[in-house]
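Novice: Pasting coords10.csv below, which is CSV, C-alpha atoms and all ligand atoms.
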chain,number,residue,atom,x,y,z
A,25,MET,CA,-10.0,-2.2,17.1
A,26,LYS,CA,-6.9,-2.6,19.3
A,27,TYR,CA,-3.6,-3.5,17.8
A,28,TYR,CA,-1.0,-4.5,20.4
A,29,VAL,CA,2.6,-5.3,19.5
A,30,LEU,CA,4.0,-7.9,21.9
A,31,PHE,CA,7.7,-7.3,21.9
A,32,GLY,CA,10.8,-8.9,23.5
A,33,PRO,CA,13.9,-11.0,22.9
A,34,PRO,CA,13.6,-14.8,22.3
A,35,GLY,CA,12.3,-16.6,25.3
A,36,ALA,CA,11.1,-13.4,27.0
A,37,GLY,CA,7.6,-15.0,27.5
A,38,LYS,CA,5.7,-13.6,24.6
A,39,GLY,CA,4.0,-16.9,23.7
A,40,THR,CA,3.5,-17.7,27.4
A,41,GLN,CA,1.7,-14.5,28.2
A,42,ALA,CA,-0.3,-14.2,25.0
A,43,GLY,CA,-3.0,-16.7,26.1
A,44,ALA,CA,-4.1,-14.6,29.1
A,45,MET,CA,-3.9,-11.4,27.1
A,46,VAL,CA,-6.1,-12.6,24.2
A,47,GLU,CA,-8.7,-14.0,26.6
A,48,ARG,CA,-9.0,-10.9,28.8
A,49,TYR,CA,-9.2,-8.4,25.9
A,50,LYS,CA,-10.9,-10.6,23.2
A,51,LEU,CA,-7.9,-10.4,20.9
A,52,CYS,CA,-6.7,-12.6,18.0
A,53,HIS,CA,-3.2,-13.9,18.8
A,54,ILE,CA,-0.9,-13.8,15.7
A,55,SER,CA,2.6,-15.3,16.3
A,56,THR,CA,4.6,-15.0,13.1
A,57,GLY,CA,7.0,-17.7,14.5
A,58,GLU,CA,4.0,-20.1,15.0
A,59,LEU,CA,2.6,-19.4,11.5
A,60,LEU,CA,6.0,-20.1,10.0
A,61,ARG,CA,6.4,-23.4,12.0
A,62,SER,CA,2.9,-24.4,10.7
A,63,GLU,CA,4.0,-23.8,7.1
A,64,ILE,CA,7.1,-25.9,7.8
A,65,ALA,CA,5.0,-28.7,9.3
A,66,ALA,CA,2.6,-28.6,6.4
A,67,GLY,CA,5.5,-28.9,4.0
A,68,THR,CA,4.6,-25.8,1.9
A,69,GLU,CA,7.0,-24.1,-0.4
A,70,LEU,CA,7.0,-21.1,1.9
A,71,GLY,CA,7.8,-23.4,4.8
A,72,ALA,CA,10.7,-25.0,2.9
A,73,LYS,CA,12.2,-21.6,2.2
A,74,ALA,CA,11.8,-20.4,5.8
A,75,LYS,CA,13.1,-23.5,7.4
A,76,ALA,CA,16.8,-22.9,6.7
A,77,LEU,CA,16.6,-19.3,7.9
A,78,ILE,CA,14.8,-20.2,11.1
A,79,ASP,CA,17.0,-23.2,11.9
A,80,ALA,CA,20.0,-20.9,11.7
A,81,GLY,CA,18.4,-18.2,13.9
A,82,ASN,CA,18.1,-15.7,11.1
A,83,LEU,CA,15.0,-13.7,10.1
A,84,VAL,CA,12.8,-14.6,7.2
A,85,PRO,CA,12.3,-11.8,4.6
A,86,ASP,CA,10.1,-8.9,5.6
A,87,GLU,CA,7.6,-9.4,2.7
A,88,VAL,CA,6.9,-13.0,3.9
A,89,VAL,CA,5.8,-12.1,7.4
A,90,GLU,CA,4.1,-8.8,6.2
A,91,GLY,CA,1.9,-10.9,3.8
A,92,MET,CA,1.0,-13.3,6.6
A,93,ILE,CA,-0.1,-10.5,8.9
A,94,GLU,CA,-2.2,-8.8,6.3
A,95,ALA,CA,-3.9,-12.1,5.4
A,96,LYS,CA,-4.9,-12.5,9.0
A,97,PHE,CA,-6.2,-8.9,9.3
A,98,ASN,CA,-8.3,-9.6,6.2
A,99,SER,CA,-9.7,-12.9,7.3
A,100,VAL,CA,-10.2,-12.8,11.1
A,101,LYS,CA,-13.6,-11.5,12.2
A,102,ASN,CA,-15.4,-11.1,15.5
A,103,VAL,CA,-12.5,-10.0,17.7
A,104,GLU,CA,-11.8,-6.7,19.5
A,105,GLY,CA,-8.3,-6.5,18.3
A,106,PHE,CA,-5.0,-8.3,17.5
A,107,LEU,CA,-2.0,-9.3,19.5
A,108,LEU,CA,1.1,-9.3,17.3
A,109,ASP,CA,3.6,-11.7,18.9
A,110,GLY,CA,7.1,-11.5,17.2
A,111,PHE,CA,6.0,-8.9,14.6
A,112,PRO,CA,7.3,-6.4,13.7
A,113,ARG,CA,10.9,-7.4,14.1
A,114,THR,CA,12.6,-4.9,11.8
A,115,LEU,CA,12.1,-1.2,11.2
A,116,ALA,CA,10.9,-2.0,7.7
A,117,GLN,CA,8.2,-4.3,9.2
A,118,ALA,CA,7.2,-1.6,11.7
A,119,ASP,CA,6.7,0.9,8.8
A,120,ALA,CA,4.8,-1.7,6.8
A,121,LEU,CA,2.5,-2.4,9.8
A,122,LYS,CA,1.9,1.4,10.2
A,123,ASP,CA,1.0,1.6,6.5
A,124,MET,CA,-1.2,-1.5,6.6
A,125,LEU,CA,-3.1,-0.1,9.6
A,126,SER,CA,-3.4,3.4,8.2
A,127,ARG,CA,-5.0,2.0,5.1
A,128,ARG,CA,-7.7,0.6,7.4
A,129,GLY,CA,-8.0,3.8,9.4
A,130,GLU,CA,-6.3,2.1,12.3
A,131,SER,CA,-3.0,2.4,14.2
A,132,VAL,CA,-0.9,0.5,16.8
A,133,THR,CA,-2.5,0.8,20.3
A,134,ALA,CA,0.7,0.1,22.3
A,135,CYS,CA,3.9,-1.9,22.2
A,136,ILE,CA,4.1,-4.1,25.2
A,137,SER,CA,7.7,-5.0,25.7
A,138,LEU,CA,8.8,-7.9,27.9
A,139,MET,CA,12.4,-7.5,28.9
A,140,ILE,CA,14.8,-10.1,30.3
A,141,PRO,CA,18.6,-10.2,30.3
A,142,ASP,CA,20.4,-12.3,27.7
A,143,ALA,CA,21.6,-14.8,30.3
A,144,LEU,CA,18.0,-15.6,31.1
A,145,VAL,CA,17.2,-16.0,27.4
A,146,HIS,CA,19.7,-18.8,27.2
A,147,GLU,CA,18.4,-20.4,30.5
A,148,ARG,CA,14.7,-20.3,29.5
A,149,ILE,CA,15.4,-21.6,25.9
A,150,ALA,CA,17.6,-24.4,27.2
A,151,ASN,CA,14.7,-25.5,29.5
A,152,ARG,CA,12.1,-25.2,26.6
A,153,ALA,CA,14.4,-27.3,24.4
A,154,LYS,CA,14.0,-30.3,26.7
A,155,LEU,CA,10.2,-29.9,26.6
A,156,GLU,CA,9.2,-28.8,23.1
A,157,GLY,CA,11.8,-29.9,20.6
A,158,ARG,CA,11.8,-26.7,18.5
A,159,ALA,CA,14.6,-27.0,16.0
A,160,ASP,CA,15.9,-23.5,16.6
A,161,ASP,CA,16.2,-24.1,20.4
A,162,ALA,CA,18.4,-27.2,20.1
A,163,ARG,CA,21.8,-25.6,19.5
A,164,ASP,CA,23.4,-22.9,21.6
A,165,GLU,CA,25.1,-21.2,18.6
A,166,VAL,CA,21.6,-20.8,17.0
A,167,VAL,CA,20.2,-19.4,20.2
A,168,SER,CA,23.2,-17.0,20.3
A,169,ASN,CA,22.5,-15.9,16.7
A,170,ARG,CA,18.8,-15.3,17.6
A,171,VAL,CA,19.9,-13.0,20.4
A,172,LYS,CA,22.4,-11.3,18.2
A,173,THR,CA,19.8,-10.8,15.5
A,174,TYR,CA,17.4,-9.4,18.1
A,175,HIS,CA,20.0,-6.8,19.2
A,176,GLU,CA,20.9,-5.8,15.7
A,177,LYS,CA,17.6,-5.8,13.8
A,178,THR,CA,14.8,-5.8,16.4
A,179,GLU,CA,16.1,-3.6,19.3
A,180,PRO,CA,15.9,-0.4,17.2
A,181,LEU,CA,12.1,-0.8,17.4
A,182,ILE,CA,12.3,0.3,21.1
A,183,ALA,CA,13.4,3.8,20.1
A,184,TYR,CA,10.8,3.7,17.2
A,185,TYR,CA,7.9,3.0,19.5
A,186,LYS,CA,9.2,5.3,22.2
A,187,ALA,CA,9.3,8.1,19.7
A,188,ALA,CA,5.7,7.3,18.8
A,189,GLY,CA,4.7,7.4,22.5
A,190,LEU,CA,3.5,3.8,22.4
A,191,TYR,CA,6.3,1.9,24.2
A,192,ARG,CA,5.4,0.2,27.5
A,193,GLU,CA,8.3,-1.8,29.0
A,194,ILE,CA,7.5,-4.6,31.5
A,195,ASP,CA,10.1,-6.4,33.6
A,196,GLY,CA,9.9,-10.0,32.3
A,197,VAL,CA,11.8,-11.5,35.3
A,198,GLY,CA,9.6,-13.1,37.9
A,199,THR,CA,6.9,-15.7,38.0
A,200,ILE,CA,4.6,-16.1,35.0
A,201,GLU,CA,1.8,-14.7,37.2
A,202,GLU,CA,3.8,-11.7,38.3
A,203,VAL,CA,4.7,-10.8,34.8
A,204,ARG,CA,1.1,-11.3,33.7
A,205,ASN,CA,-0.2,-8.8,36.3
A,206,ARG,CA,2.4,-6.3,35.2
A,207,ILE,CA,1.2,-6.6,31.6
A,208,PHE,CA,-2.4,-6.1,32.6
A,209,GLU,CA,-1.5,-3.1,34.6
A,210,ALA,CA,0.4,-1.6,31.6
A,211,MET,CA,-2.5,-2.4,29.2
A,212,GLU,CA,-5.1,-0.7,31.4
A,213,LYS,CA,-3.1,2.5,31.8
A,301,LIG,P1,9.5,-16.9,17.3
A,301,LIG,O1,8.7,-18.1,17.3
A,301,LIG,O2,8.8,-15.6,17.4
A,301,LIG,O3,10.6,-17.0,18.4
A,301,LIG,P2,11.4,-15.9,19.3
A,301,LIG,O4,11.1,-14.5,19.1
A,301,LIG,O5,12.8,-16.3,19.3
A,301,LIG,O6,10.7,-16.1,20.6
A,301,LIG,P3,10.3,-17.4,21.4
A,301,LIG,O7,9.0,-18.0,20.8
A,301,LIG,O8,11.5,-18.2,21.4
A,301,LIG,O9,10.1,-16.8,22.8
A,301,LIG,P4,8.8,-16.3,23.6
A,301,LIG,O10,9.0,-14.9,24.0
A,301,LIG,O11,7.5,-16.6,22.9
A,301,LIG,O12,8.9,-17.1,24.9
A,301,LIG,P5,8.0,-18.3,25.6
A,301,LIG,O13,6.8,-17.7,26.1
A,301,LIG,O14,7.9,-19.4,24.6
A,301,LIG,O15,10.3,-16.8,15.9
A,301,LIG,C1,11.1,-17.9,15.5
A,301,LIG,C2,11.8,-17.6,14.2
A,301,LIG,O16,10.8,-17.3,13.2
A,301,LIG,C3,12.7,-16.4,14.2
A,301,LIG,O17,14.0,-16.7,14.7
A,301,LIG,C4,12.7,-16.0,12.7
A,301,LIG,O18,13.5,-16.8,12.0
A,301,LIG,C5,11.3,-16.3,12.3
A,301,LIG,N1,10.4,-15.1,12.5
A,301,LIG,C6,9.4,-15.0,13.4
A,301,LIG,N2,8.8,-13.8,13.3
A,301,LIG,C7,9.5,-13.1,12.3
A,301,LIG,C8,9.4,-11.8,11.8
A,301,LIG,N3,8.5,-10.9,12.2
A,301,LIG,N4,10.3,-11.4,10.9
A,301,LIG,C9,11.2,-12.3,10.4
A,301,LIG,N5,11.4,-13.6,10.9
A,301,LIG,C10,10.5,-14.0,11.8
A,301,LIG,O19,8.9,-18.6,26.8
A,301,LIG,C11,10.2,-19.3,26.7
A,301,LIG,C12,10.3,-20.4,27.8
A,301,LIG,O20,10.4,-19.7,29.0
A,301,LIG,C13,9.1,-21.4,27.9
A,301,LIG,O21,9.6,-22.6,28.2
A,301,LIG,C14,8.3,-20.8,29.0
A,301,LIG,O22,7.5,-21.8,29.6
A,301,LIG,C15,9.3,-20.2,29.9
A,301,LIG,N6,8.8,-19.0,30.6
A,301,LIG,C16,8.1,-17.9,30.1
A,301,LIG,N7,7.9,-17.0,31.1
A,301,LIG,C17,8.5,-17.5,32.2
A,301,LIG,C18,8.6,-16.9,33.5
A,301,LIG,N8,8.0,-15.8,33.9
A,301,LIG,N9,9.3,-17.6,34.4
A,301,LIG,C19,9.9,-18.8,34.1
A,301,LIG,N10,9.8,-19.4,32.8
A,301,LIG,C20,9.1,-18.7,31.9
A,302,MG,MG,7.1,-17.5,21.0
Can you dump the structure from the file as structure tokens?
Ligand code: AP5
Ligand code: MG
Specialist:
Amino acid sequence: MKYYVLFGPPGAGKGTQAGAMVERYKLCHISTGELLRSEIAAGTELGAKAKALIDAGNLVPDEVVEGMIEAKFNSVKNVEGFLLDGFPRTLAQADALKDMLSRRGESVTACISLMIPDALVHERIANRAKLEGRADDARDEVVSNRVKTYHEKTEPLIAYYKAAGLYREIDGVGTIEEVRNRIFEAMEK
């Protein structure tokens, strides 16, 4: 099985590119952000707890997302691998993923990292706010906090996956198609 980590700051294009990646490589797409938004929409207890954190641009507790990922690994069948979009996002989550996979005799295949500058994060999310109505896109101070959280808590994973020899950085600036072709090239290396 392949286990790809799809990494990048908010608005980098993870969700946008995931569709073509899962189709081409027969993967199951798991976006922890989307799973959490479904919990909120379904009015679950977990969703209620997560909502305040997400709406402020903060991370939800590691155990919450780790549990969601493991549940998917246990339930999804008939795929050639998984595309983890927005997970891991902290060093603790990366270690938890490593342990979860090693218990299955598996390991991370590669970390595909989409990089865009902070100014473009704000521009893309401002555009998406007009189209999709995500609560955490609506206010600029929340978007700024998501960017800050990314730099503080998530960016250290770059060194983590570089040290493991798994880090593949892709320039996320360009058309959706240009970025997609760069991703496929990196995955086929
Ligand atoms: P999550 O849903 O993962 O949000 P995010 O990481 O902030 O990323 P986005 O979904 O905003 O961006 P994206 O990279 O998918 O970009 P997209 O393709 O949509 O997480 C939300 C929240 O949930 C977190 O803040 C946290 O609270 C919680 N959470 C989630 N995972 C967690 C975890 N592991 N641990 C703890 N908490 C967690 O693109 C953005 C826009 O740009 C779109 O409009 C798109 O059409 C456009 N676009 C994309 N590519 C291009 C291009 N090449 N050119 C022009 N426009 C483009
Ligand atoms: Mg997304």
Novice: List as a VMD selection string the protein and nucleic acid residues lying within 9 Å of ligand MG 302 (chain A), with all atoms listed in the file counted.
Specialist: chain A and resid 34 to 40 55 to 58 109 to 110
Novice: Would you list the contacts of stretch 45-51 of chain A as a compact mmCIF listing (two decimals) with C-alpha atoms, in the frame of the given file, taking every protein, DNA or RNA residue within 7 Å and counting all atoms listed in the file, but skipping same-chain residues closer than 3 positions in sequence?
Specialist:
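As a result, out03.txt now contains:
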# COMPACT_ATOMS: atom_id res chain seq x y z
CA GLN A 41 1.70 -14.50 28.20
CA ALA A 42 -0.30 -14.20 25.00
CA VAL A 103 -12.50 -10.00 17.70
CA GLU A 104 -11.80 -6.70 19.50
CA GLY A 105 -8.30 -6.50 18.30
CA PHE A 106 -5.00 -8.30 17.50
CA LEU A 107 -2.00 -9.30 19.50
Novice: So that each row is one residue of stretch 49-145 of chain A with an atom at most 10 Å from stretch 159-171 of chain A, can you give its shortest atom pair and the distance in Å to one decimal, using only C-alpha atoms, rows by chain and rising number, as a tab-separated table?
Specialist:
residue	atom	partner	partner_atom	distance
A:Arg61	CA	A:Ala159	CA	9.8
A:Lys75	CA	A:Ala159	CA	9.4
A:Ala76	CA	A:Asp160	CA	10.0
A:Leu77	CA	A:Asp160	CA	9.7
A:Ile78	CA	A:Asp160	CA	6.5
A:Asp79	CA	A:Asp160	CA	4.8
A:Ala80	CA	A:Val166	CA	5.5
A:Gly81	CA	A:Arg170	CA	4.7
A:Asn82	CA	A:Arg170	CA	6.5
A:Leu83	CA	A:Arg170	CA	8.6
A:Asp142	CA	A:Val171	CA	7.4
A:Val145	CA	A:Val171	CA	8.1
Novice: Let me see the file: selected residues, C-alpha atoms, as a PDB file, in the coordinates of the input.
Specialist:
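The resulting file, out.pdb, is shown below:
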ATOM      1  CA  ARG A  61       6.400 -23.400  12.000  1.00  0.00           C
ATOM      2  CA  LYS A  75      13.100 -23.500   7.400  1.00  0.00           C
ATOM      3  CA  ALA A  76      16.800 -22.900   6.700  1.00  0.00           C
ATOM      4  CA  LEU A  77      16.600 -19.300   7.900  1.00  0.00           C
ATOM      5  CA  ILE A  78      14.800 -20.200  11.100  1.00  0.00           C
ATOM      6  CA  ASP A  79      17.000 -23.200  11.900  1.00  0.00           C
ATOM      7  CA  ALA A  80      20.000 -20.900  11.700  1.00  0.00           C
ATOM      8  CA  GLY A  81      18.400 -18.200  13.900  1.00  0.00           C
ATOM      9  CA  ASN A  82      18.100 -15.700  11.100  1.00  0.00           C
ATOM     10  CA  LEU A  83      15.000 -13.700  10.100  1.00  0.00           C
ATOM     11  CA  ASP A 142      20.400 -12.300  27.700  1.00  0.00           C
ATOM     12  CA  VAL A 145      17.200 -16.000  27.400  1.00  0.00           C
TER      13      VAL A 145
END
Novice: Please report the interatomic distance between atom C14 of ligand LIG 301 (chain A) and atom CA of A:Pro33 in Å with one decimal.
Specialist: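 Calculated distance between atom C14 of ligand LIG 301 (chain A) and atom CA of A:Pro33 is 12.8 Å.
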Novice: Atom CA of A:Cys52 and atom N2 of ligand LIG 301 (chain A), how far apart in Å?
Specialist: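 Interatomic distance, atom N2 of ligand LIG 301 (chain A) to atom CA of A:Cys52: 16.2 Å.
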Novice: How many Å lie between atom CA of A:Ala143 and atom P3 of ligand LIG 301 (chain A), rounded to one decimal?
Specialist: 14.6 Å
Novice: Using all atoms listed in the file for the distances, tell me which of A:Ile194, A:Ile207, A:Ala150, A:Ile182 is nearest to ligand LIG 301 (chain A).
Specialist: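 When distances to ligand LIG 301 (chain A) are compared using all atoms listed in the file, the smallest one comes from A:Ala150.
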Novice: Pick from A:Lys101, A:Ile136, A:Ile149, A:Lys186: nearest to A:Glu209, with all atoms listed in the file counted?
Specialist: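 Ranking A:Lys101, A:Ile136, A:Ile149, A:Lys186 by distance to A:Glu209, first place goes to A:Ile136.
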Novice: For ligand LIG 301 (chain A), which residue out of A:Lys96, A:Arg204, A:Arg128, A:Arg192 is the nearest one, using only C-alpha atoms and all ligand atoms?
Specialist: A:Arg204
